Amino acid sequence: MLNGTPASDGIGIGKVLIIEEHSLEYTPKTVEDTDAESQRFRNAVDEFCKNTLEQAENLRKSTGDKEAEILEGHIAIIKDPYLCGEIEKLIDDGQCAESALEHMCDMFIAMFSAADDELTKQRAADVRDIKTGVLSILLGVQEVKISSAPSGTVLVAKELTPSMTAGINKDNIVGIITETGGKTSHSAILARALEIPAVLSVENAVSKLENGQQVIVDGIEGIVIDSPDEVQLENYTQKRNAFLTERRELENYRGRKTVSASGEEYELFCNIGKPDDAVKTVESDGEGVGLFRTEFLFMDRNSIPTEDEQFDAYKKAALILKDKSLIIRTLDIGGDKDLPYLGLAKEENPFMGFRAIRYCLKNRDLFKTQLRAILRASAFGDIKIMFPLITTVDELREGKALVEEVKSELREKEIKFNENIQVGVMMETSSAAVIADLLAKEADFFSIGTNDLTGYTMACDRGNSDVSYLYSALQPSVLRLIKHIIECGVKNDIPVGMCGEAAANRMMIPLLISFGLTEFSVSAPSVLKVRKTISTWTKNEADEVAEKVMSMSSEKEIFDYLKTVI
């Protein structure tokens, strides 16, 4: 049995097909005709973009716009004027196209890989995929094709790139196993969109498994069983059938309110990164957006988006959602999410450095531009503003003062906006949690970001395998902070939501019901599962579970107990 990261729910039973990567080795050489070499590079980029557009269209047909945009983003990266310009400078200096491409791509891969933020790290995989694609064209190497894989295939690869995934026939692929990647990687996102069970980060999977070998892929528990016996096959066949039955039954929860078994109503929102993601929210029956990560509007470009560009994006999302809530998180960038055009200084510890609200309060022109765009868009929907990485009451007050300043400027110009727009806090630092009683007196709402709250509280990086065992929202310290935040919100009569991954965790849901959470914000595919789980709990049952959990002293004890009651 092999262990890995569960990345896409389901049980897959089939035969291994190992994706062998072709060698892309070459001998660097000095070129004399640099104009011809630059043209060779540009031709390769054009061919790459053409191929990628075709792959994106295939992906759009099989999964949808959101997933196709992952590949379309590759085109934006390789056509970035800075990247192309630097590559052509190296060619002008005599480097061959292969060497110049590899040098610049490796520089970006190293930069993204060094980030503490998972979404930024994910971009390193995108650049690797781009490098492989363009390098393959330059070297005349045929890219890996998996579209002809037979029925009942389990794909095994070191890394399943978006370009590989675009060729998947989901009727033939029953499972995916990779040696790299996590729950937020594009491999995981695409596997979930295709509804194919996937286990990622399985160490040495390619060398441990063989072509044609029968395996079971348990994407729920993160387990791979190689050469299963008859008893294991029977057990997992039953589990697979039960999972598929449950998936069909989830459709019964579409169009319903999110209500507990004892009648308490909750709001069930989605997290989004782009305005078009609001479409997925509506299609998934989400009741609004609990987190719009606006930093994605600032990425994959050479300059800060203008006020009108931002306004158009926020307005578009608001109109798609109609009268549903749209909570817009102000810019969470800087430090670990570096953008070359911002000219940020390198930091030894960017995760605790100059980022998010700290950066915005020191760069008021940029911040006010974003606030103006949000306020202008608030005339078109139920928009709320949320500040990230708050650690002091002064930061909240300063942010709110800037909102009022921008309101005054808009009034002078007779520009419409929602005068009563709510301003809330993303509760994601230990400091904010400890002073939740003070913040609750000045904020209109809280939203708990459990990803960072867990990391800061446990002083651990979930991407570091040596300490990742500490990274769990079920740690007693984290649960106590979550409970305190919610209780402070309830006491001050402000709504408290959760937009971190824990909001969709079945083990967490009874605890959150008991603590008094009012809003869950999850990924679009999780909406119906969370609604169903909430519907199975009464408040009294949840209180009983929470009382026992809060008396326990270790994450393992809590986890083992919750497994018996969920």
# chains A, B, ... in the order shown; residues from 1 in each chain; ligands from 1
>>> residues_around(residues="Gly181 (chain A)", least_positions_apart="5", cutoff="7 Å", atoms="only C-alpha atoms", output="PyMOL selection string")
chain A and resi 187+200-201
>>> residues_around(residues="region 549-562 of chain A", least_positions_apart="4", cutoff="7 Å", atoms="only C-alpha atoms", output="PyMOL selection string")
chain A and resi 474-476+507+545+566
>>> residues_around(residues="Lys483 (chain A)", least_positions_apart="3", cutoff="10 Å", atoms="only C-alpha atoms", output="CSV table (one decimal) with N, CA and C atoms, in the first residue's frame")
chain,number,residue,atom,x,y,z
A,433,ALA,N,-7.2,36.7,16.4
A,433,ALA,CA,-8.1,35.8,17.2
A,433,ALA,C,-8.1,36.1,18.7
A,478,VAL,N,-5.9,25.5,17.8
A,478,VAL,CA,-6.6,26.2,16.7
A,478,VAL,C,-8.1,26.2,16.9
A,479,LEU,N,-8.7,25.1,17.4
A,479,LEU,CA,-10.1,25.0,17.7
A,479,LEU,C,-10.5,26.0,18.8
A,480,ARG,N,-9.6,26.2,19.8
A,480,ARG,CA,-10.0,27.2,20.8
A,480,ARG,C,-10.0,28.6,20.3
A,486,ILE,N,-15.7,33.0,17.0
A,486,ILE,CA,-17.1,32.9,16.8
A,486,ILE,C,-17.9,33.5,18.0
A,487,GLU,N,-17.5,33.1,19.2
A,487,GLU,CA,-18.2,33.6,20.4
A,487,GLU,C,-18.2,35.1,20.5
A,488,CYS,N,-17.0,35.7,20.1
A,488,CYS,CA,-16.9,37.2,20.2
A,488,CYS,C,-17.8,37.8,19.1
A,489,GLY,N,-17.9,37.2,18.0
A,489,GLY,CA,-18.8,37.7,16.9
A,489,GLY,C,-20.3,37.6,17.4
A,511,LEU,N,-18.7,20.9,14.9
A,511,LEU,CA,-18.1,21.8,15.8
A,511,LEU,C,-18.4,23.2,15.5
A,512,LEU,N,-18.4,23.6,14.2
A,512,LEU,CA,-18.8,24.9,13.7
A,512,LEU,C,-20.2,25.3,14.0
A,514,SER,N,-22.0,24.0,16.5
A,514,SER,CA,-22.0,24.2,17.9
A,514,SER,C,-21.5,25.5,18.3
A,515,PHE,N,-20.3,25.9,17.7
A,515,PHE,CA,-19.7,27.2,18.1
A,515,PHE,C,-20.5,28.4,17.7
A,516,GLY,N,-21.4,28.3,16.7
A,516,GLY,CA,-22.3,29.4,16.3
A,516,GLY,C,-21.9,30.0,15.0
A,517,LEU,N,-21.1,29.4,14.1
A,517,LEU,CA,-20.8,29.9,12.8
A,517,LEU,C,-22.1,30.1,12.0
A,550,MET,N,-13.7,19.5,22.9
A,550,MET,CA,-13.0,20.6,23.6
A,550,MET,C,-12.4,20.1,24.9
>>> closest_atom_pairs(of="region 446-541 of chain A", to="region 348-372 of chain A", cutoff="12 Å", atoms="only C-alpha atoms", output="JSON lines")
{"residue": "A:Asp452", "atom": "CA", "partner": "A:Phe351", "partner_atom": "CA", "distance": 9.6}
{"residue": "A:Gly455", "atom": "CA", "partner": "A:Phe351", "partner_atom": "CA", "distance": 10.0}
{"residue": "A:Tyr456", "atom": "CA", "partner": "A:Met352", "partner_atom": "CA", "distance": 9.0}
{"residue": "A:Ala459", "atom": "CA", "partner": "A:Met352", "partner_atom": "CA", "distance": 10.9}
{"residue": "A:Cys460", "atom": "CA", "partner": "A:Phe351", "partner_atom": "CA", "distance": 11.0}
{"residue": "A:Asp461", "atom": "CA", "partner": "A:Phe351", "partner_atom": "CA", "distance": 9.7}
>>> write_last_selection(atoms="C-alpha atoms", output="CSV table (one decimal), in the first residue's frame")
chain,number,residue,atom,x,y,z
A,452,ASP,CA,-3.3,30.9,7.6
A,455,GLY,CA,-0.2,27.9,10.0
A,456,TYR,CA,0.4,30.9,12.2
A,459,ALA,CA,4.1,27.9,13.6
A,460,CYS,CA,4.3,25.4,10.7
A,461,ASP,CA,4.4,25.5,6.9
>>> closest_residue(among="A:Ala432, A:Cys49, A:Val496, A:Leu528", to="Asp285 (chain A)", atoms="only C-alpha atoms")
A:Leu528
>>> residues_around(residues="Gly14 (chain A)", least_positions_apart="3", cutoff="8 Å", atoms="only C-alpha atoms", output="number ranges by chain")
A: 152-154, 174-175, 214-216
>>> residues_around(residues="Gln95 (chain A)", least_positions_apart="5", cutoff="7 Å", atoms="only C-alpha atoms", output="MDAnalysis selection string")
chainID A and resid 29:31 90 100
>>> residues_around(residues="Leu250 (chain A)", least_positions_apart="2", cutoff="8 Å", atoms="only C-alpha atoms", output="CSV table (one decimal) with N, CA and C atoms, in the first residue's frame")
chain,number,residue,atom,x,y,z
A,246,GLU,N,-24.0,8.1,-3.5
A,246,GLU,CA,-24.0,9.3,-2.7
A,246,GLU,C,-23.9,10.5,-3.6
A,247,ARG,N,-23.0,10.5,-4.6
A,247,ARG,CA,-22.8,11.6,-5.5
A,247,ARG,C,-24.1,11.9,-6.2
A,248,ARG,N,-24.8,10.8,-6.6
A,248,ARG,CA,-26.1,11.1,-7.3
A,248,ARG,C,-27.2,11.7,-6.4
A,252,ASN,N,-30.2,15.9,-4.8
A,252,ASN,CA,-31.4,16.2,-4.1
A,252,ASN,C,-31.3,17.5,-3.3
A,253,TYR,N,-30.1,17.9,-3.0
A,253,TYR,CA,-29.9,19.1,-2.2
A,253,TYR,C,-29.7,20.4,-3.0
A,254,ARG,N,-29.8,20.2,-4.3
A,254,ARG,CA,-29.8,21.4,-5.1
A,254,ARG,C,-31.1,22.2,-5.0
A,528,LEU,N,-22.8,21.2,-2.4
A,528,LEU,CA,-23.9,20.2,-2.1
A,528,LEU,C,-23.5,19.3,-1.0
A,529,LYS,N,-22.2,18.9,-1.0
A,529,LYS,CA,-21.7,18.0,0.1
A,529,LYS,C,-21.8,18.7,1.5
A,532,LYS,N,-25.5,18.9,2.5
A,532,LYS,CA,-26.0,17.7,3.0
A,532,LYS,C,-25.5,17.4,4.4
>>> select_by_dssp(residues="region 36-188 of chain A", states="strand (DSSP E or B)", output="VMD selection string")
chain A and resid 95 153 to 157 173 to 178
>>> write_last_selection(atoms="N, CA and C atoms", output="mmCIF file, in the first residue's frame")
data_model
loop_
_atom_site.group_PDB
_atom_site.id
_atom_site.type_symbol
_atom_site.label_atom_id
_atom_site.label_comp_id
_atom_site.auth_asym_id
_atom_site.auth_seq_id
_atom_site.Cartn_x
_atom_site.Cartn_y
_atom_site.Cartn_z
ATOM 1 N N GLN A 95 23.201 33.167 -26.720
ATOM 2 C CA GLN A 95 22.676 31.890 -26.226
ATOM 3 C C GLN A 95 21.708 31.297 -27.243
ATOM 4 N N THR A 153 -8.101 2.738 -17.308
ATOM 5 C CA THR A 153 -6.703 3.113 -17.096
ATOM 6 C C THR A 153 -6.529 3.965 -15.844
ATOM 7 N N VAL A 154 -5.468 3.664 -15.098
ATOM 8 C CA VAL A 154 -5.027 4.523 -13.995
ATOM 9 C C VAL A 154 -3.718 5.180 -14.441
ATOM 10 N N LEU A 155 -3.733 6.484 -14.606
ATOM 11 C CA LEU A 155 -2.539 7.206 -15.045
ATOM 12 C C LEU A 155 -1.573 7.390 -13.880
ATOM 13 N N VAL A 156 -0.299 7.107 -14.134
ATOM 14 C CA VAL A 156 0.744 7.294 -13.126
ATOM 15 C C VAL A 156 1.833 8.166 -13.739
ATOM 16 N N ALA A 157 2.195 9.259 -13.064
ATOM 17 C CA ALA A 157 3.197 10.185 -13.612
ATOM 18 C C ALA A 157 3.928 10.889 -12.480
ATOM 19 N N ILE A 173 -10.327 6.997 -18.164
ATOM 20 C CA ILE A 173 -9.396 7.132 -17.044
ATOM 21 C C ILE A 173 -10.164 6.998 -15.729
ATOM 22 N N VAL A 174 -9.788 5.995 -14.925
ATOM 23 C CA VAL A 174 -10.521 5.738 -13.674
ATOM 24 C C VAL A 174 -9.764 6.207 -12.441
ATOM 25 N N GLY A 175 -8.514 6.630 -12.625
ATOM 26 C CA GLY A 175 -7.747 7.092 -11.483
ATOM 27 C C GLY A 175 -6.478 7.799 -11.920
ATOM 28 N N ILE A 176 -5.945 8.645 -11.035
ATOM 29 C CA ILE A 176 -4.714 9.382 -11.303
ATOM 30 C C ILE A 176 -3.804 9.279 -10.084
ATOM 31 N N ILE A 177 -2.533 8.973 -10.322
ATOM 32 C CA ILE A 177 -1.526 8.914 -9.258
ATOM 33 C C ILE A 177 -0.314 9.719 -9.719
ATOM 34 N N THR A 178 0.161 10.639 -8.887
ATOM 35 C CA THR A 178 1.366 11.401 -9.239
ATOM 36 C C THR A 178 2.326 11.428 -8.062
#
>>> closest_residue(among="A:Ser227, A:Ser521, A:Ser148, A:Thr330", to="Gly212 (chain A)", atoms="only C-alpha atoms")
A:Ser227
>>> residues_around(residues="Ala443 (chain A)", least_positions_apart="2", cutoff="7 Å", atoms="only C-alpha atoms", output="list of chain:residue names")
A:Val423, A:Gly424, A:Val425, A:Leu439, A:Ala440, A:Lys441, A:Phe445
>>> select_by_dssp(residues="region 89-123 of chain A", states="helix (DSSP H, G or I)", output="NGL selection string")
:A and (89-92 or 97-113 or 118-123)
>>> write_last_selection(atoms="C-alpha atoms", output="short mmCIF file (atom, residue, chain, number, x, y, z; two decimals), in the first residue's frame")
data_model
loop_
_atom_site.label_atom_id
_atom_site.label_comp_id
_atom_site.auth_asym_id
_atom_site.auth_seq_id
_atom_site.Cartn_x
_atom_site.Cartn_y
_atom_site.Cartn_z
CA LYS A 89 18.12 39.51 -24.79
CA LEU A 90 19.89 36.27 -23.88
CA ILE A 91 19.61 35.12 -27.49
CA ASP A 92 21.04 38.45 -28.65
CA ALA A 97 16.85 29.52 -27.80
CA GLU A 98 16.71 26.37 -25.65
CA SER A 99 19.25 27.69 -23.17
CA ALA A 100 17.69 31.17 -22.99
CA LEU A 101 14.21 29.72 -22.45
CA GLU A 102 15.42 27.33 -19.76
CA HIS A 103 17.39 30.03 -17.95
CA MET A 104 14.44 32.42 -17.64
CA CYS A 105 11.85 29.74 -16.88
CA ASP A 106 14.06 28.22 -14.19
CA MET A 107 14.43 31.68 -12.63
CA PHE A 108 10.64 32.06 -12.35
CA ILE A 109 10.24 28.46 -11.16
CA ALA A 110 12.73 29.09 -8.35
CA MET A 111 11.00 32.35 -7.41
CA PHE A 112 7.53 30.82 -7.28
CA SER A 113 8.71 27.64 -5.53
CA GLU A 118 0.35 27.59 -1.99
CA LEU A 119 -1.32 29.42 -4.87
CA THR A 120 1.97 31.09 -5.79
CA LYS A 121 3.86 27.81 -5.54
CA GLN A 122 1.32 26.35 -7.93
CA ARG A 123 2.51 28.81 -10.59
#
>>> closest_residue(among="A:Ala242, A:Asp312, A:Pro275, A:Arg301", to="Leu342 (chain A)", atoms="only C-alpha atoms")
A:Arg301
>>> atom_distance(atom1="CA of Ser472 (chain A)", atom2="CA of Lys539 (chain A)")
24.1 Å
>>> atom_distance(atom1="CA of Ala502 (chain A)", atom2="CA of Ile385 (chain A)")
22.0 Å
